[in-house]
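Participant: Structure file query_1.cif, mmCIF, C-alpha atoms and all ligand atoms, is pasted below:
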data_upload
#
loop_
_atom_site.label_atom_id
_atom_site.label_comp_id
_atom_site.auth_asym_id
_atom_site.auth_seq_id
_atom_site.Cartn_x
_atom_site.Cartn_y
_atom_site.Cartn_z
CA MET N 1 2.28 -15.17 15.12
CA ASN N 2 5.87 -14.10 15.31
CA ALA N 3 7.15 -11.32 13.08
CA ILE N 4 10.53 -13.06 12.85
CA GLU N 5 11.51 -16.64 13.63
CA ILE N 6 15.19 -17.47 13.73
CA ARG N 7 16.29 -21.05 14.22
CA ASN N 8 19.81 -22.26 14.99
CA LEU N 9 21.50 -19.45 13.10
CA THR N 10 25.28 -19.71 13.05
CA LYS N 11 27.94 -17.61 11.36
CA ALA N 12 31.60 -18.17 12.13
CA TYR N 13 34.12 -15.44 11.29
CA PRO N 14 37.79 -16.17 11.99
CA LEU N 15 37.68 -14.38 15.37
CA PHE N 16 33.98 -14.32 16.18
CA THR N 17 30.93 -16.58 15.96
CA VAL N 18 27.20 -15.93 16.13
CA ASP N 19 26.52 -19.22 17.78
CA ASP N 20 23.39 -21.28 17.19
CA VAL N 21 20.96 -18.42 17.80
CA SER N 22 17.22 -19.12 17.94
CA LEU N 23 14.90 -16.19 18.49
CA ASP N 24 11.23 -15.27 18.14
CA VAL N 25 10.43 -11.59 17.57
CA ARG N 26 6.78 -11.05 18.51
CA GLN N 27 4.32 -9.47 16.12
CA GLY N 28 2.62 -6.33 17.40
CA TYR N 29 5.45 -5.23 19.69
CA ILE N 30 8.69 -3.26 19.76
CA THR N 31 11.71 -5.43 20.49
CA GLY N 32 15.04 -3.91 21.45
CA LEU N 33 18.15 -5.88 20.53
CA ILE N 34 20.80 -4.81 23.02
CA GLY N 35 24.39 -5.75 23.64
CA PRO N 36 27.82 -4.13 23.93
CA ASN N 37 30.01 -3.34 20.90
CA GLY N 38 31.02 -6.23 18.70
CA VAL N 39 28.74 -8.94 20.15
CA GLY N 40 26.98 -9.73 16.87
CA LYS N 41 23.92 -7.45 16.72
CA SER N 42 24.63 -6.22 13.18
CA THR N 43 25.69 -9.67 12.01
CA LEU N 44 22.41 -11.11 13.27
CA ILE N 45 20.38 -8.37 11.57
CA LYS N 46 22.33 -8.76 8.34
CA MET N 47 21.66 -12.49 8.38
CA MET N 48 17.93 -11.82 8.86
CA LEU N 49 18.01 -9.58 5.79
CA GLY N 50 20.08 -11.88 3.60
CA ILE N 51 23.00 -9.41 3.49
CA VAL N 52 25.27 -11.88 5.32
CA ARG N 53 24.81 -15.54 4.45
CA PRO N 54 24.63 -17.78 7.55
CA ASP N 55 26.68 -20.99 7.75
CA SER N 56 23.56 -22.79 8.98
CA GLY N 57 20.09 -22.16 10.38
CA SER N 58 16.90 -20.58 9.08
CA VAL N 59 15.05 -17.25 9.12
CA LYS N 60 11.33 -16.66 8.61
CA ILE N 61 10.03 -13.10 8.32
CA LEU N 62 6.26 -12.41 8.46
CA GLY N 63 5.70 -16.11 7.88
CA CYS N 64 7.84 -16.22 4.71
CA GLU N 65 11.19 -17.95 4.33
CA MET N 66 14.42 -16.11 3.76
CA PRO N 67 16.06 -16.05 1.27
CA LYS N 68 13.52 -18.03 -0.83
CA GLN N 69 10.78 -15.39 -0.52
CA GLU N 70 13.08 -12.39 -0.16
CA ILE N 71 11.32 -10.16 -2.71
CA ALA N 72 7.88 -10.70 -1.15
CA ILE N 73 9.34 -10.08 2.30
CA LYS N 74 11.12 -6.86 1.31
CA GLN N 75 7.83 -5.42 0.01
CA ARG N 76 6.47 -5.66 3.52
CA ILE N 77 9.40 -4.55 5.65
CA GLY N 78 11.38 -1.36 6.16
CA ILE N 79 15.12 -1.41 6.79
CA VAL N 80 16.68 1.47 8.69
CA SER N 81 20.45 1.56 8.97
CA ASP N 82 23.22 4.00 8.25
CA ASP N 83 24.79 1.37 5.98
CA CYS N 84 23.38 3.09 2.93
CA PHE N 85 22.06 0.78 0.26
CA TYR N 86 21.49 3.57 -2.29
CA TYR N 87 23.72 4.95 -5.08
CA GLU N 88 25.95 7.72 -3.77
CA HIS N 89 25.86 9.82 -6.95
CA LEU N 90 22.05 10.03 -7.12
CA THR N 91 19.94 12.70 -5.43
CA ILE N 92 17.19 11.81 -2.94
CA HIS N 93 14.64 12.64 -5.65
CA ASP N 94 16.26 10.26 -8.17
CA THR N 95 16.64 7.59 -5.51
CA LYS N 96 12.92 7.84 -4.79
CA LYS N 97 12.13 7.40 -8.51
CA LEU N 98 14.26 4.25 -8.45
CA VAL N 99 12.88 2.63 -5.29
CA ALA N 100 9.19 3.68 -5.37
CA PRO N 101 8.15 1.36 -8.26
CA PHE N 102 9.42 -1.62 -6.27
CA TYR N 103 6.71 -1.14 -3.64
CA ASP N 104 3.03 -1.92 -4.36
CA LYS N 105 1.94 0.35 -1.51
CA TRP N 106 4.21 3.34 -2.14
CA ASN N 107 2.63 6.62 -0.99
CA ASP N 108 4.34 9.57 -2.67
CA SER N 109 2.64 12.31 -0.71
CA LYS N 110 3.58 10.61 2.58
CA PHE N 111 7.19 10.46 1.40
CA LYS N 112 7.19 14.17 0.51
CA GLY N 113 5.67 14.92 3.93
CA TYR N 114 8.44 13.01 5.72
CA LEU N 115 11.16 14.75 3.68
CA ASP N 116 9.68 18.09 4.77
CA GLN N 117 9.33 17.00 8.38
CA PHE N 118 12.91 15.64 8.46
CA GLU N 119 14.26 18.72 6.61
CA LEU N 120 15.78 16.62 3.84
CA SER N 121 16.10 18.38 0.49
CA PRO N 122 15.17 16.10 -2.45
CA LYS N 123 18.05 17.75 -4.34
CA LYS N 124 20.73 16.46 -1.96
CA LYS N 125 23.00 13.70 -3.21
CA ILE N 126 23.10 10.46 -1.21
CA GLY N 127 26.89 10.75 -1.01
CA ASP N 128 26.57 14.14 0.71
CA LEU N 129 24.19 12.95 3.45
CA SER N 130 25.43 12.74 7.02
CA LYS N 131 24.95 9.52 9.00
CA GLY N 132 21.86 10.96 10.70
CA MET N 133 20.42 12.13 7.35
CA LYS N 134 20.85 8.62 5.89
CA ILE N 135 18.90 7.21 8.83
CA LYS N 136 16.18 9.82 8.27
CA LEU N 137 15.95 8.94 4.57
CA ALA N 138 15.76 5.22 5.32
CA LEU N 139 13.00 5.93 7.84
CA ALA N 140 11.10 8.10 5.35
CA VAL N 141 11.24 5.29 2.76
CA ALA N 142 10.19 2.68 5.34
CA LEU N 143 7.21 4.72 6.55
CA SER N 144 6.08 5.57 2.99
CA HIS N 145 5.38 2.03 1.84
CA GLU N 146 3.31 0.84 4.80
CA ALA N 147 5.96 -1.50 6.14
CA GLU N 148 4.48 -3.96 8.64
CA LEU N 149 7.86 -4.63 10.18
CA LEU N 150 10.78 -2.27 10.70
CA ILE N 151 14.21 -3.80 11.12
CA MET N 152 16.57 -1.13 12.37
CA ASP N 153 20.29 -1.40 13.04
CA GLU N 154 21.49 1.25 15.50
CA PRO N 155 18.93 3.77 14.18
CA THR N 156 19.41 6.31 16.96
CA SER N 157 23.20 6.34 17.20
CA GLY N 158 23.82 9.12 14.66
CA LEU N 159 20.84 11.25 15.63
CA ASP N 160 20.66 14.45 17.64
CA PRO N 161 18.45 14.26 20.76
CA VAL N 162 15.69 16.31 19.15
CA PHE N 163 15.24 14.01 16.18
CA ARG N 164 15.83 10.93 18.32
CA ARG N 165 12.77 11.78 20.33
CA GLU N 166 10.81 12.65 17.17
CA MET N 167 11.76 9.27 15.76
CA LEU N 168 10.62 7.42 18.88
CA ASP N 169 7.27 9.22 18.56
CA LEU N 170 7.00 8.17 14.90
CA LEU N 171 7.69 4.56 15.89
CA ALA N 172 5.02 4.76 18.60
CA ASP N 173 2.60 6.10 15.92
CA MET N 174 3.41 3.16 13.67
CA MET N 175 2.55 0.80 16.52
CA GLN N 176 -1.03 2.18 16.60
CA ASN N 177 -1.64 -0.55 14.03
CA GLU N 178 -1.45 -3.60 16.25
CA ARG N 179 -0.21 -5.89 13.48
CA ASN N 180 2.95 -3.83 13.05
CA SER N 181 6.24 -4.80 14.65
CA ILE N 182 9.65 -3.23 15.15
CA ILE N 183 13.02 -4.65 16.07
CA PHE N 184 15.90 -2.31 16.68
CA SER N 185 19.42 -2.78 17.83
CA THR N 186 21.02 -0.20 20.04
CA HIS N 187 23.42 0.35 22.84
CA ILE N 188 21.55 3.52 23.84
CA THR N 189 19.35 1.61 26.24
CA THR N 190 17.48 4.71 27.47
CA ASP N 191 15.64 4.73 24.11
CA LEU N 192 14.33 1.29 24.98
CA ASP N 193 13.33 2.31 28.50
CA ARG N 194 10.88 4.60 26.72
CA ILE N 195 9.37 2.42 24.03
CA ALA N 196 10.42 -1.26 23.99
CA ASP N 197 8.02 -4.04 24.97
CA TYR N 198 10.53 -6.89 24.66
CA ILE N 199 14.27 -6.97 25.14
CA THR N 200 16.63 -9.36 23.43
CA PHE N 201 20.06 -9.26 24.98
CA ILE N 202 22.95 -10.66 22.95
CA ASN N 203 26.44 -11.06 24.38
CA ARG N 204 29.47 -12.65 22.69
CA GLY N 205 27.37 -14.11 19.87
CA LYS N 206 24.78 -15.77 22.13
CA ILE N 207 21.31 -14.74 23.30
CA VAL N 208 21.32 -14.07 27.05
CA PHE N 209 17.56 -13.50 27.22
CA ASN N 210 14.56 -12.58 25.08
CA GLU N 211 11.81 -11.44 27.43
CA ALA N 212 9.18 -8.82 28.13
CA LYS N 213 10.95 -5.72 29.47
CA GLU N 214 8.76 -5.68 32.58
CA ASP N 215 9.73 -9.29 33.38
CA VAL N 216 13.43 -8.55 32.91
CA LEU N 217 13.29 -5.57 35.24
CA GLU N 218 11.39 -7.62 37.84
CA ARG N 219 13.68 -10.64 37.67
CA TYR N 220 17.02 -8.85 37.92
CA ALA N 221 18.12 -6.88 40.97
CA LEU N 222 21.01 -4.59 41.75
CA ILE N 223 22.36 -5.30 45.23
CA LYS N 224 24.34 -2.71 47.17
CA GLY N 225 26.01 -3.50 50.48
CA ASP N 226 29.10 -3.62 52.65
CA MET N 227 32.09 -5.74 51.72
CA GLU N 228 31.72 -7.93 54.81
CA LEU N 229 28.57 -9.48 53.26
CA LEU N 230 30.66 -11.07 50.54
CA ASP N 231 32.23 -14.50 50.88
CA SER N 232 33.15 -16.88 48.07
CA ASP N 233 29.74 -18.61 48.07
CA ILE N 234 27.81 -15.34 48.03
CA ARG N 235 29.99 -14.01 45.24
CA LYS N 236 28.88 -16.90 43.02
CA GLU N 237 25.30 -15.58 43.16
CA PHE N 238 26.29 -12.49 41.19
CA ILE N 239 26.35 -12.16 37.42
CA GLY N 240 28.72 -9.25 37.82
CA ILE N 241 29.99 -7.29 40.75
CA ARG N 242 31.88 -4.03 41.28
CA GLU N 243 33.79 -3.57 44.46
CA THR N 244 34.90 -0.21 45.79
CA ALA N 245 36.53 1.04 48.98
CA VAL N 246 33.09 1.68 50.48
CA GLY N 247 31.21 -1.45 49.46
CA PHE N 248 29.95 -3.49 46.52
CA GLU N 249 27.32 -3.20 43.84
CA GLY N 250 26.34 -6.36 41.99
CA LEU N 251 23.73 -7.78 39.63
CA VAL N 252 21.70 -10.95 40.25
CA ASP N 253 19.06 -12.48 37.99
CA ASN N 254 16.88 -13.85 40.80
CA ARG N 255 15.54 -10.99 42.89
CA HIS N 256 13.48 -13.31 45.10
CA LYS N 257 16.46 -15.48 46.05
CA ALA N 258 18.60 -12.38 46.67
CA ALA N 259 15.93 -10.89 48.95
CA GLN N 260 15.98 -14.08 51.05
CA LEU N 261 19.78 -14.22 51.06
CA PHE N 262 20.48 -10.63 52.05
CA GLY N 263 17.36 -9.76 54.05
CA ASN N 264 17.71 -6.25 55.43
CA HIS N 265 21.50 -6.29 55.25
CA ALA N 266 21.74 -5.00 51.68
CA VAL N 267 19.80 -2.63 49.45
CA LEU N 268 17.94 -4.20 46.50
CA GLU N 269 17.21 -1.91 43.56
CA THR N 270 15.64 -2.36 40.15
CA PRO N 271 18.48 -2.18 37.64
CA SER N 272 18.31 -0.20 34.42
CA LEU N 273 18.84 -2.03 31.12
CA GLU N 274 22.24 -0.34 31.06
CA ASP N 275 23.10 -1.87 34.47
CA ILE N 276 22.10 -5.32 33.18
CA MET N 277 24.20 -4.88 30.04
CA TYR N 278 27.19 -3.52 31.97
CA PHE N 279 27.37 -6.21 34.65
CA THR N 280 26.65 -9.07 32.26
CA ALA N 281 29.33 -7.92 29.84
CA LYS N 282 31.90 -7.37 32.60
CA GLY N 283 30.75 -10.23 34.82
CA GLY N 284 33.01 -12.96 33.47
CA ARG N 285 36.11 -11.02 34.39
CA VAL N 286 35.01 -10.50 37.97
CA HIS N 287 34.58 -14.20 38.61
CA ALA N 288 37.82 -15.12 36.81
N1 LIG N 301 32.91 -9.58 7.40
C1 LIG N 301 33.48 -9.87 8.58
N2 LIG N 301 34.63 -10.60 8.63
C2 LIG N 301 35.19 -10.92 9.83
N3 LIG N 301 34.71 -10.54 11.03
C3 LIG N 301 33.57 -9.81 11.04
C4 LIG N 301 32.91 -9.43 9.82
N4 LIG N 301 31.81 -8.70 10.15
C5 LIG N 301 31.80 -8.63 11.50
N5 LIG N 301 32.85 -9.29 12.03
C6 LIG N 301 33.17 -9.41 13.46
O1 LIG N 301 32.04 -9.93 14.13
C7 LIG N 301 31.94 -9.35 15.43
C8 LIG N 301 30.54 -8.83 15.63
O2 LIG N 301 30.35 -7.68 14.82
P1 LIG N 301 28.94 -6.95 14.72
O3 LIG N 301 29.10 -5.80 13.79
O4 LIG N 301 27.89 -7.96 14.41
O5 LIG N 301 28.76 -6.46 16.22
P2 LIG N 301 27.72 -5.42 16.84
O6 LIG N 301 27.17 -6.08 18.06
O7 LIG N 301 26.75 -4.95 15.83
O8 LIG N 301 28.69 -4.23 17.28
P3 LIG N 301 28.47 -2.63 17.37
O9 LIG N 301 27.53 -2.39 18.50
O10 LIG N 301 29.85 -2.15 17.68
O11 LIG N 301 27.96 -2.16 16.04
C9 LIG N 301 33.03 -8.30 15.54
O12 LIG N 301 34.12 -8.87 16.26
C10 LIG N 301 33.42 -8.05 14.11
O13 LIG N 301 34.79 -7.71 14.01
#
Once you've parsed the file, please lay out its structure as structure tokens.

Facilitator:
Amino acid sequence: MNAIEIRNLTKAYPLFTVDDVSLDVRQGYITGLIGPNGVGKSTLIKMMLGIVRPDSGSVKILGCEMPKQEIAIKQRIGIVSDDCFYYEHLTIHDTKKLVAPFYDKWNDSKFKGYLDQFELSPKKKIGDLSKGMKIKLALAVALSHEAELLIMDEPTSGLDPVFRREMLDLLADMMQNERNSIIFSTHITTDLDRIADYITFINRGKIVFNEAKEDVLERYALIKGDMELLDSDIRKEFIGIRETAVGFEGLVDNRHKAAQLFGNHAVLETPSLEDIMYFTAKGGRVHA
């Protein structure tokens, strides 16, 4: 089963469109949603959660339809984002009293344990929390009601490196239960190098790929070589290419073909997710 099934989701803003996106997020795995700034990651997540209403298309979460079964769905998922959905004037303690009754599986002692671990005082007001503290609170709530699916929008961006690592460990713990699933958007791709199983890459409102991380890293290659290897036909093989005084560095999405094409004349390396994001985002300009 898929944790999330998105079909033909479209949202047109005056200057930007999430365009006919279909996507399966697999149950039992961690999926990283990557893409440069402003390509529609948050819009897609907000449409999944019913915060932004799509112009067309459908979303199913844990087998239930959004927004028809929204209340049942929200019992079973955790949302982690620094867009705070709580009342600013309430303390963490009062917020807990408000949200806990909503969840059938709320575990108060777990919640207290996470507040301690995350060094969040129950007496602090929501309005006084930093961006990172809001993420920590959202994570504490999510982990205290046995969420089967975490949907996280840029969860690591406001976090110091120490807590970032702690958080990745907590997510790995959650995945001990093989029915659990996580999707998180980020442009800090090194977090995904550590824990993601699948990568969904979105660029300019469209899905570029949604594949197992291992397959992505095997399929793409970073080619480095001398400028004399490049002619107009060869250039077309590249998704993106950077030329310098000493040579070129370019990304292809068919390592096998590139190996045949360049033989021993160029160096083929495995790109990082950041390389793939960089060259794909910049690529269009290079070929223009
Ligand atoms: N309510 C809105 N009205 C008009 N345009 C919007 C609205 N919300 C988002 N956009 C536009 O949609 C585009 C995608 O924004 P979105 O926040 O989904 O991107 P993102 O990939 O999450 O970016 P980032 O990584 O910077 O958070 C942007 O150009 C943004 O200006």

Participant: Can you work out which residues are within 6 Å of ligand LIG 301 (chain N), considering all atoms listed in the file, and then hand them over as a ChimeraX atom specification?

Facilitator: /N:13,16,36-43

Participant: Can you pull out the residues contacting stretch 161-170 of chain N? Cut-off 9 Å, using all atoms listed in the file, and skip same-chain residues under 2 positions away; I want them as a PyMOL selection string.

Facilitator: chain N and resi 118+136+139+155-159+172-175+191+194-195

Participant: Write a file of the just-selected residues containing C-alpha atoms, as a PDB file, keeping the file's coordinate frame.

Facilitator:
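New file out_6.pdb:
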ATOM      1  CA  PHE N 118      12.910  15.640   8.460  1.00  0.00           C
ATOM      2  CA  LYS N 136      16.180   9.820   8.270  1.00  0.00           C
ATOM      3  CA  LEU N 139      13.000   5.930   7.840  1.00  0.00           C
ATOM      4  CA  PRO N 155      18.930   3.770  14.180  1.00  0.00           C
ATOM      5  CA  THR N 156      19.410   6.310  16.960  1.00  0.00           C
ATOM      6  CA  SER N 157      23.200   6.340  17.200  1.00  0.00           C
ATOM      7  CA  GLY N 158      23.820   9.120  14.660  1.00  0.00           C
ATOM      8  CA  LEU N 159      20.840  11.250  15.630  1.00  0.00           C
ATOM      9  CA  ALA N 172       5.020   4.760  18.600  1.00  0.00           C
ATOM     10  CA  ASP N 173       2.600   6.100  15.920  1.00  0.00           C
ATOM     11  CA  MET N 174       3.410   3.160  13.670  1.00  0.00           C
ATOM     12  CA  MET N 175       2.550   0.800  16.520  1.00  0.00           C
ATOM     13  CA  ASP N 191      15.640   4.730  24.110  1.00  0.00           C
ATOM     14  CA  ARG N 194      10.880   4.600  26.720  1.00  0.00           C
ATOM     15  CA  ILE N 195       9.370   2.420  24.030  1.00  0.00           C
TER      16      ILE N 195
END

Participant: Could you tell me, as a VMD selection string, which residues have any atom at most 12 Å from (18.4, 16.2, 6.4), counting all atoms listed in the file?

Facilitator: chain N and resid 92 114 to 126 128 to 140 159 to 160 163

Participant: Find the residues near N:Cys64: any atom within 12 Å, counting all atoms listed in the file, skip ones fewer than 4 places away on the same chain, and give them as a list in words.

Facilitator: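 These residues fall inside the cut-off: Met1, Asn2, Ala3, Ile4, Glu5, Ile6, Met48, Ser58, Val59, Lys60, Lys68, Gln69, Glu70, Ile71, Ala72, Ile73, Lys74, Gln75, Arg76 and Ile77 of chain N.
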
Participant: In Å, rounded to a single decimal, give me how far atom CA of N:Ser144 is from atom CA of N:Met47.

Facilitator: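 Value for the atom CA of N:Met47-atom CA of N:Ser144 distance: 24.5 Å.
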
Participant: Can you work out which one of N:Pro101, N:Pro271, N:Thr244, N:Val141 has the shortest atom-to-atom distance to N:Phe85, counting all atoms listed in the file?

Facilitator: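 Among N:Pro101, N:Pro271, N:Thr244, N:Val141, it is N:Val141 that comes nearest to N:Phe85.
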
Participant: In Å to one decimal, how far is atom CA of N:Tyr278 from atom CA of N:Leu251?

Facilitator: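 So the answer is 9.4 Å.
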
Participant: Which polymer residues have any atom within 6 Å of an atom of stretch 225-227 of chain N, counting all atoms listed in the file, with same-chain residues fewer than 5 positions away left out, as number ranges by chain?

Facilitator: N: 247-248, 266

Participant: Which distance in Å separates atom CA of N:Phe262 and atom CA of N:Lys282, to one decimal?

Facilitator: 22.8 Å

Participant: Fewer than 4 positions away in the same chain doesn't count, so skip those; otherwise give me all residues within 10 Å of N:Ala12, counting only C-alpha atoms, as an MDAnalysis selection string.

Facilitator: chainID N and resid 16:19 54:56 205

Participant: Let me make sure I understand: among N:Ala281, N:Gly127, N:Lys96, N:Val216, which one has the smallest atom-to-atom distance to N:Arg204 if we use all atoms listed in the file?

Facilitator: N:Ala281

Participant: Hey, what's within 12 Å of N:Arg26 if we count all atoms listed in the file and toss same-chain stuff fewer than 2 positions away? As JSON, numbers by chain, please?

Facilitator: {"N": [1, 2, 3, 4, 5, 6, 23, 24, 28, 29, 30, 31, 32, 61, 62, 63, 149, 178, 179, 180, 181, 182, 183, 196, 197, 198, 199, 200, 210, 211, 212]}

Participant: Have a look at N:Asp193, N:His145, N:Asp233, N:Leu49 and name the one nearest to N:Lys213; count all atoms listed in the file.

Facilitator: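 Among the listed residues, the smallest separation from N:Lys213 belongs to N:Asp193.
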
Participant: Go through N:Leu15, N:Leu222, N:Ile234, N:Ala142 and flag the residue nearest N:Ala100, using all atoms listed in the file for the distances.

Facilitator: N:Ala142

Participant: Just need the box for stretch 117-128 of chain N, edges along x, y and z, holding every atom the file lists for it with 5 Å tacked onto each side, so centre and edge lengths in Å to one decimal, as lines of an AutoDock Vina configuration file.

Facilitator:
center_x = 18.1
center_y = 14.6
center_z = 2.1
size_x = 27.6
size_y = 18.3
size_z = 22.8

Participant: Using all atoms listed in the file, list the residues that have an atom at most 12 Å from (26.5, -6.4, 37.9), coordinates as in the file, as JSON, numbers by chain.

Facilitator: {"N": [220, 221, 222, 223, 224, 235, 236, 237, 238, 239, 240, 241, 242, 243, 248, 249, 250, 251, 252, 253, 269, 270, 271, 272, 273, 274, 275, 276, 277, 278, 279, 280, 281, 282, 283, 284, 285, 286, 287]}

Participant: Using only C-alpha atoms, find the one residue out of N:Ile207, N:Val52, N:Leu143, N:Leu217 that sits nearest to N:Trp106.

Facilitator: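 The shortest atom-to-atom distance to N:Trp106 comes from N:Leu143.
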
Participant: Which residue out of N:Leu150, N:His93, N:Lys46, N:Ile51 has the minimum interatomic distance to N:Gln27 when only C-alpha atoms are used?

Facilitator: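 Residue with the minimum atom-to-atom distance to N:Gln27: N:Leu150.
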